[in-house]
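*Asks:* I am attaching a structure below and will ask some questions about it afterwards.
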Amino acid sequence: MPQVRIIAKNFMDMVASLPAMKLDRLYQNAFICEAILRSLPPLAKKYVVQILFFDGPVSGKLLEQWVLDDGVTKHRVAIDRLIQLRIFIEVTDKKRESSYKLNQTFQANLQKHLTNGGVLPRETMATTVKLPSLEDLDTYALEQWECFLLLLISSGQAEKTTSLSSSMMKIFQRGLLSQRDRDAPRLTEGGFQFLLMDTNAQLWYIIREYISNSEERGTDPADLISFLLELSFHVTGEAYNINTLTEIQRNTIKDLAELGLIKLQQVLLCCTSDLYLHFQGRKESWFIPTKLATNLSVSLTDSSSRKQGFVVVETNFRLYAYSTSKLHCEILRLFSKIEYQLPNLIVGAITKESLYTAFENGITSDQIISFLQQNAHPRVAERLPSVPENVTDQIRLWEADLNRVEITPAHLYDEFPSKDTFEAACDFAREWNGLLWEDSKKMRVVVKAEIHMNMREFLRGQK
């Protein structure tokens, strides 16, 4: 069974993959410099801050002296990360000893930012209109994200119709959905695996693909990364005027709103005079960042954004999910048999048949077990293991059952006129890397179906 792995990189991996010229241009923005400084490993941060106001290269041996003996591995990781991001420029002297100096653009802008203090990318709007509370924003972001995932599973499952932009549809068509002729789009193996990722990993996959195909939309990836990192400096729940954005940024904001990262709001402005109240005939458009947007520069390893678990698995393979979410029900249905659903409880069972269906769709046993562990209810999450061992072992055994036998289309040849013809046929099959089995006593041979036509022509030539 083919294995499809989706790797969701973090933002700094995407930044490091940019060409040198685009990286240097990115560092002209002081907020980007600060965002990247925040994302660095602790030891790398120390190196940058310690030599920030030092002109000229610093010896690699001197940096090693700042580290204890048990921190050598962390030192190498920090240096590699700084070189990948072009924050450190490596210089080799005549003795072939390495020294490091800070990227001049990065150094100059970070110095100014730390010395003078930074001004926010754009000011919040002073308004008397009531804005959504942080709780309302969290609810909105969760509902929008769940609606988005339900649309991915099946457009008929979404409670409200959601029309995705062409840029978002391209992301799906790249690896999550497939469509043949006039048939409805179907989830690929990667799409099934995507649904079992945690929310943070799913978000990073979408953002990574969104940036990867930005050039197809006429947008420079460096400009897009710069704007997305800028969003992390906006205040969650505050309103910002959308008219302060460029056209590319406005289009990006609309795409992010479909995912629940941004909430768009329009307000009809009015003004008063001494004689009467009159309305202006225009609407003001605002965008309000949610936590998903302001945490974009947070690493995937950060666990602060993890949601509370809801699943309890018993030793008899019964499954109880304390949730009101239709999305949770549909995800559990991918690998379990749902028996009934109450207003706040989903009851099901992990069966051999339901797991076979999951395996055929490309979901692996490790992904199912990881999902159950990550979403374990707080009452069972404290136990080790949070999912009973007999359940996890059986899930792996049922997957192994499917992998014991590999089916390969083949053709059997027998009744060869002579031993020489038989041996020549075997040699021919080996040359084409198509020999599966041979029996020299009874002169029988089995070859792959893909070389059947070539083998037939070869045997005709032997007559």
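By convention in this document, the chains of the structure tokens carry letters A, B, ... by their order, each chain's residues are numbered from 1, and ligands are numbered from 1 in the order they are shown.
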Contacts of range 55-72 of chain A at 6 Å or less, counting only C-alpha atoms, minus same-chain residues fewer than 6 places along, as a ChimeraX atom specification?

*Replies:* /A:98-101

*Asks:* How would the residues just picked look written out with N, CA, C and O atoms as a compact mmCIF listing (two decimals), in the first residue's frame?

*Replies:*
# COMPACT_ATOMS: atom_id res chain seq x y z
N SER A 98 36.73 29.05 10.86
CA SER A 98 35.48 29.74 10.55
C SER A 98 35.21 30.87 11.54
O SER A 98 35.44 30.74 12.74
N SER A 99 34.72 31.98 10.98
CA SER A 99 34.22 33.10 11.77
C SER A 99 32.85 33.45 11.24
O SER A 99 32.49 33.08 10.11
N TYR A 100 32.06 34.17 12.05
CA TYR A 100 30.70 34.50 11.65
C TYR A 100 30.46 35.99 11.88
O TYR A 100 30.86 36.55 12.90
N LYS A 101 29.78 36.59 10.90
CA LYS A 101 29.37 37.98 11.08
C LYS A 101 27.88 38.09 10.76
O LYS A 101 27.34 37.32 9.95

*Asks:* Apply DSSP to the backbone of this structure and, from range 206-356 of chain A, keep only the residues in alpha helix (DSSP H); write these as a CSV table (one decimal) with N, CA, C and O atoms, in the first residue's frame.

*Replies:*
chain,number,residue,atom,x,y,z
A,206,ILE,N,-1.7,24.3,5.0
A,206,ILE,CA,-2.4,25.2,4.1
A,206,ILE,C,-1.6,26.5,3.8
A,206,ILE,O,-1.5,26.9,2.6
A,207,ILE,N,-1.0,27.1,4.8
A,207,ILE,CA,-0.2,28.3,4.6
A,207,ILE,C,1.0,28.0,3.7
A,207,ILE,O,1.4,28.8,2.8
A,208,ARG,N,1.6,26.8,3.9
A,208,ARG,CA,2.8,26.5,3.1
A,208,ARG,C,2.4,26.4,1.6
A,208,ARG,O,3.1,26.9,0.8
A,209,GLU,N,1.3,25.6,1.4
A,209,GLU,CA,0.9,25.5,0.0
A,209,GLU,C,0.5,26.8,-0.6
A,209,GLU,O,0.6,27.1,-1.8
A,210,TYR,N,-0.2,27.6,0.2
A,210,TYR,CA,-0.6,29.0,-0.2
A,210,TYR,C,0.5,29.8,-0.7
A,210,TYR,O,0.5,30.5,-1.7
A,211,ILE,N,1.6,29.7,0.1
A,211,ILE,CA,2.8,30.5,-0.3
A,211,ILE,C,3.5,29.9,-1.5
A,211,ILE,O,4.0,30.6,-2.4
A,212,SER,N,3.5,28.5,-1.6
A,212,SER,CA,4.2,27.8,-2.7
A,212,SER,C,3.7,28.2,-4.0
A,212,SER,O,4.4,28.3,-5.0
A,221,PRO,N,6.6,35.4,-3.3
A,221,PRO,CA,6.5,34.7,-2.1
A,221,PRO,C,7.1,35.5,-0.9
A,221,PRO,O,6.6,35.4,0.2
A,222,ALA,N,8.2,36.3,-1.2
A,222,ALA,CA,8.8,37.1,-0.1
A,222,ALA,C,7.9,38.1,0.4
A,222,ALA,O,7.8,38.4,1.6
A,223,ASP,N,7.1,38.8,-0.5
A,223,ASP,CA,6.1,39.8,-0.1
A,223,ASP,C,5.0,39.2,0.7
A,223,ASP,O,4.6,39.8,1.7
A,224,LEU,N,4.6,38.0,0.3
A,224,LEU,CA,3.5,37.3,1.1
A,224,LEU,C,4.0,36.9,2.4
A,224,LEU,O,3.3,37.1,3.4
A,225,ILE,N,5.2,36.3,2.5
A,225,ILE,CA,5.7,35.9,3.8
A,225,ILE,C,5.9,37.1,4.7
A,225,ILE,O,5.6,37.1,5.9
A,226,SER,N,6.4,38.2,4.2
A,226,SER,CA,6.5,39.5,4.9
A,226,SER,C,5.2,39.9,5.5
A,226,SER,O,5.2,40.3,6.7
A,227,PHE,N,4.1,39.9,4.8
A,227,PHE,CA,2.8,40.3,5.3
A,227,PHE,C,2.3,39.4,6.3
A,227,PHE,O,1.8,39.8,7.3
A,228,LEU,N,2.4,38.1,6.1
A,228,LEU,CA,1.9,37.1,7.1
A,228,LEU,C,2.7,37.2,8.4
A,228,LEU,O,2.1,37.1,9.5
A,229,LEU,N,4.0,37.5,8.3
A,229,LEU,CA,4.7,37.7,9.6
A,229,LEU,C,4.3,39.0,10.3
A,229,LEU,O,4.3,39.1,11.5
A,230,GLU,N,4.0,40.0,9.5
A,230,GLU,CA,3.6,41.3,10.0
A,230,GLU,C,2.3,41.1,10.8
A,230,GLU,O,2.0,41.8,11.8
A,231,LEU,N,1.4,40.2,10.4
A,231,LEU,CA,0.1,39.9,11.1
A,231,LEU,C,0.4,39.5,12.5
A,231,LEU,O,-0.5,39.7,13.4
A,247,GLU,N,-3.2,46.0,-2.8
A,247,GLU,CA,-4.2,45.1,-3.4
A,247,GLU,C,-3.9,43.7,-3.1
A,247,GLU,O,-4.8,42.8,-2.8
A,248,ILE,N,-2.6,43.3,-3.2
A,248,ILE,CA,-2.2,41.9,-2.9
A,248,ILE,C,-2.5,41.6,-1.5
A,248,ILE,O,-3.0,40.5,-1.2
A,249,GLN,N,-2.3,42.5,-0.5
A,249,GLN,CA,-2.6,42.2,0.9
A,249,GLN,C,-4.1,42.1,1.1
A,249,GLN,O,-4.5,41.2,1.9
A,250,ARG,N,-4.9,42.9,0.4
A,250,ARG,CA,-6.3,42.8,0.6
A,250,ARG,C,-6.8,41.4,0.1
A,250,ARG,O,-7.7,40.8,0.7
A,251,ASN,N,-6.3,40.9,-1.1
A,251,ASN,CA,-6.7,39.6,-1.6
A,251,ASN,C,-6.3,38.5,-0.6
A,251,ASN,O,-7.0,37.6,-0.4
A,252,THR,N,-5.1,38.7,0.0
A,252,THR,CA,-4.6,37.7,1.0
A,252,THR,C,-5.5,37.7,2.2
A,252,THR,O,-5.9,36.6,2.7
A,253,ILE,N,-6.0,38.9,2.7
A,253,ILE,CA,-6.9,39.0,3.8
A,253,ILE,C,-8.2,38.2,3.5
A,253,ILE,O,-8.7,37.5,4.4
A,254,LYS,N,-8.7,38.4,2.3
A,254,LYS,CA,-10.0,37.7,2.0
A,254,LYS,C,-9.8,36.2,2.0
A,254,LYS,O,-10.7,35.5,2.4
A,255,ASP,N,-8.6,35.7,1.5
A,255,ASP,CA,-8.4,34.3,1.5
A,255,ASP,C,-8.2,33.8,3.0
A,255,ASP,O,-8.8,32.7,3.3
A,256,LEU,N,-7.6,34.5,3.8
A,256,LEU,CA,-7.4,34.1,5.2
A,256,LEU,C,-8.7,34.1,6.0
A,256,LEU,O,-8.9,33.4,6.9
A,257,ALA,N,-9.6,35.0,5.5
A,257,ALA,CA,-10.9,35.1,6.2
A,257,ALA,C,-11.7,33.8,6.0
A,257,ALA,O,-12.5,33.4,6.8
A,258,GLU,N,-11.5,33.1,4.8
A,258,GLU,CA,-12.2,31.9,4.5
A,258,GLU,C,-11.8,30.8,5.5
A,258,GLU,O,-12.5,29.9,5.8
A,259,LEU,N,-10.5,30.9,6.0
A,259,LEU,CA,-10.0,29.9,6.9
A,259,LEU,C,-10.3,30.2,8.4
A,259,LEU,O,-10.0,29.4,9.3
A,291,LYS,N,-6.7,34.7,16.9
A,291,LYS,CA,-5.5,34.1,17.4
A,291,LYS,C,-4.7,33.3,16.4
A,291,LYS,O,-3.5,33.3,16.4
A,292,LEU,N,-5.5,32.7,15.5
A,292,LEU,CA,-4.8,31.9,14.4
A,292,LEU,C,-3.9,32.8,13.6
A,292,LEU,O,-2.8,32.3,13.2
A,293,ALA,N,-4.3,34.0,13.3
A,293,ALA,CA,-3.4,34.9,12.5
A,293,ALA,C,-2.3,35.5,13.3
A,293,ALA,O,-1.1,35.5,12.8
A,294,THR,N,-2.5,35.9,14.6
A,294,THR,CA,-1.4,36.5,15.3
A,294,THR,C,-0.4,35.5,15.8
A,294,THR,O,0.7,35.8,16.3
A,326,LYS,N,-19.9,18.4,14.5
A,326,LYS,CA,-20.2,17.5,13.4
A,326,LYS,C,-18.9,17.1,12.8
A,326,LYS,O,-18.8,16.0,12.3
A,327,LEU,N,-17.9,18.0,12.8
A,327,LEU,CA,-16.6,17.7,12.2
A,327,LEU,C,-15.9,16.5,13.0
A,327,LEU,O,-15.4,15.6,12.3
A,328,HIS,N,-16.0,16.6,14.3
A,328,HIS,CA,-15.4,15.5,15.1
A,328,HIS,C,-16.1,14.1,14.7
A,328,HIS,O,-15.4,13.1,14.6
A,329,CYS,N,-17.4,14.2,14.5
A,329,CYS,CA,-18.1,12.9,14.2
A,329,CYS,C,-17.6,12.4,12.8
A,329,CYS,O,-17.4,11.2,12.6
A,330,GLU,N,-17.4,13.3,11.8
A,330,GLU,CA,-17.0,12.9,10.5
A,330,GLU,C,-15.6,12.4,10.5
A,330,GLU,O,-15.2,11.4,9.8
A,331,ILE,N,-14.7,13.0,11.3
A,331,ILE,CA,-13.3,12.5,11.4
A,331,ILE,C,-13.3,11.1,12.0
A,331,ILE,O,-12.5,10.2,11.6
A,332,LEU,N,-14.0,10.9,13.1
A,332,LEU,CA,-14.0,9.6,13.8
A,332,LEU,C,-14.6,8.5,12.8
A,332,LEU,O,-14.2,7.4,12.9
A,352,LYS,N,-12.6,-4.1,12.9
A,352,LYS,CA,-11.7,-4.5,11.9
A,352,LYS,C,-12.1,-3.9,10.5
A,352,LYS,O,-11.3,-3.5,9.7
A,353,GLU,N,-13.4,-4.0,10.2
A,353,GLU,CA,-13.9,-3.5,9.0
A,353,GLU,C,-13.7,-2.0,8.8
A,353,GLU,O,-13.3,-1.5,7.7
A,354,SER,N,-13.9,-1.2,9.9
A,354,SER,CA,-13.8,0.2,9.8
A,354,SER,C,-12.3,0.6,9.6
A,354,SER,O,-12.0,1.6,8.9
A,355,LEU,N,-11.4,-0.2,10.2
A,355,LEU,CA,-10.0,0.1,10.1
A,355,LEU,C,-9.5,-0.3,8.7
A,355,LEU,O,-8.6,0.4,8.1
A,356,TYR,N,-10.0,-1.4,8.1
A,356,TYR,CA,-9.6,-1.7,6.8
A,356,TYR,C,-10.0,-0.6,5.8
A,356,TYR,O,-9.2,-0.4,4.8

*Asks:* Of the candidates A:Arg404, A:Lys442, A:Arg174, A:Lys22, which shows the shortest atom-to-atom distance to Ser418 in chain A, using only C-alpha atoms?

*Replies:* A:Lys442

*Asks:* Restricting the calculation to only C-alpha atoms, which member of A:Arg81, A:Lys419, A:Arg122, A:Arg25 is positioned closest to Lys45 in chain A?

*Replies:*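 Ranked by minimum distance to Lys45 in chain A, first place goes to A:Arg81.
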
*Asks:* Give me, as an NGL selection string, all polymer residues having an atom no more than 8 Å from Phe371 in chain A, counting only C-alpha atoms and skipping those fewer than 3 positions away in the same chain.

*Replies:* :A and (196-198 or 367-368 or 374-375)

*Asks:* Next, the residues of the selection above should be written as a PDB file, in the first residue's frame with N, CA, C and O atoms.

*Replies:*
ATOM      1  N   LEU A 196      -6.518  14.002   9.903  1.00  0.00           N
ATOM      2  CA  LEU A 196      -6.116  13.477  11.198  1.00  0.00           C
ATOM      3  C   LEU A 196      -4.998  14.291  11.846  1.00  0.00           C
ATOM      4  O   LEU A 196      -4.599  14.009  12.975  1.00  0.00           O
ATOM      5  N   MET A 197      -4.473  15.290  11.143  1.00  0.00           N
ATOM      6  CA  MET A 197      -3.469  16.171  11.750  1.00  0.00           C
ATOM      7  C   MET A 197      -4.128  17.049  12.802  1.00  0.00           C
ATOM      8  O   MET A 197      -5.337  17.280  12.778  1.00  0.00           O
ATOM      9  N   ASP A 198      -3.312  17.560  13.739  1.00  0.00           N
ATOM     10  CA  ASP A 198      -3.865  18.537  14.675  1.00  0.00           C
ATOM     11  C   ASP A 198      -4.029  19.873  13.947  1.00  0.00           C
ATOM     12  O   ASP A 198      -3.457  20.095  12.878  1.00  0.00           O
ATOM     13  N   GLN A 367      -1.021   7.043  12.450  1.00  0.00           N
ATOM     14  CA  GLN A 367      -1.785   8.290  12.399  1.00  0.00           C
ATOM     15  C   GLN A 367      -3.066   8.184  13.225  1.00  0.00           C
ATOM     16  O   GLN A 367      -3.455   9.133  13.905  1.00  0.00           O
ATOM     17  N   ILE A 368      -3.718   7.027  13.175  1.00  0.00           N
ATOM     18  CA  ILE A 368      -4.938   6.828  13.967  1.00  0.00           C
ATOM     19  C   ILE A 368      -4.616   6.861  15.455  1.00  0.00           C
ATOM     20  O   ILE A 368      -5.282   7.542  16.243  1.00  0.00           O
ATOM     21  N   GLN A 374      -3.557  12.395  20.926  1.00  0.00           N
ATOM     22  CA  GLN A 374      -3.546  13.862  20.976  1.00  0.00           C
ATOM     23  C   GLN A 374      -4.897  14.423  21.411  1.00  0.00           C
ATOM     24  O   GLN A 374      -4.953  15.511  21.984  1.00  0.00           O
ATOM     25  N   ASN A 375      -5.974  13.696  21.121  1.00  0.00           N
ATOM     26  CA  ASN A 375      -7.316  14.183  21.437  1.00  0.00           C
ATOM     27  C   ASN A 375      -7.951  13.433  22.606  1.00  0.00           C
ATOM     28  O   ASN A 375      -9.178  13.427  22.741  1.00  0.00           O
TER      29      ASN A 375
END

*Asks:* Counting only C-alpha atoms, figure out which residue out of A:Gln308, A:Ser214, A:Trp437, A:Phe359 gets nearest to Asp401 in chain A.

*Replies:*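 Looking at the shortest contact to Asp401 in chain A, the residue is A:Phe359.
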
*Asks:* What does the distance from CA of Tyr322 in chain A to CA of Phe310 in chain A come to in Å, to one decimal?

*Replies:*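 Calculated distance between CA of Tyr322 in chain A and CA of Phe310 in chain A is 5.2 Å.
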
*Asks:* What does the structure give for the distance between CA of Tyr140 in chain A and CA of Phe11 in chain A, in Å to one decimal?

*Replies:*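 Between these atoms lies a distance of 24.2 Å.
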
*Asks:* Point out the residue among A:Ala410, A:Val447, A:Val387, A:Ala349 with the least atom-to-atom distance to Asp427 in chain A, counting only C-alpha atoms.

*Replies:*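 Of A:Ala410, A:Val447, A:Val387, A:Ala349, the one nearest Asp427 in chain A is A:Val447, counting only C-alpha atoms.
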
*Asks:* Work out how far CA of Thr392 in chain A is from CA of Arg379 in chain A, in Å to one decimal.

*Replies:* 18.8 Å
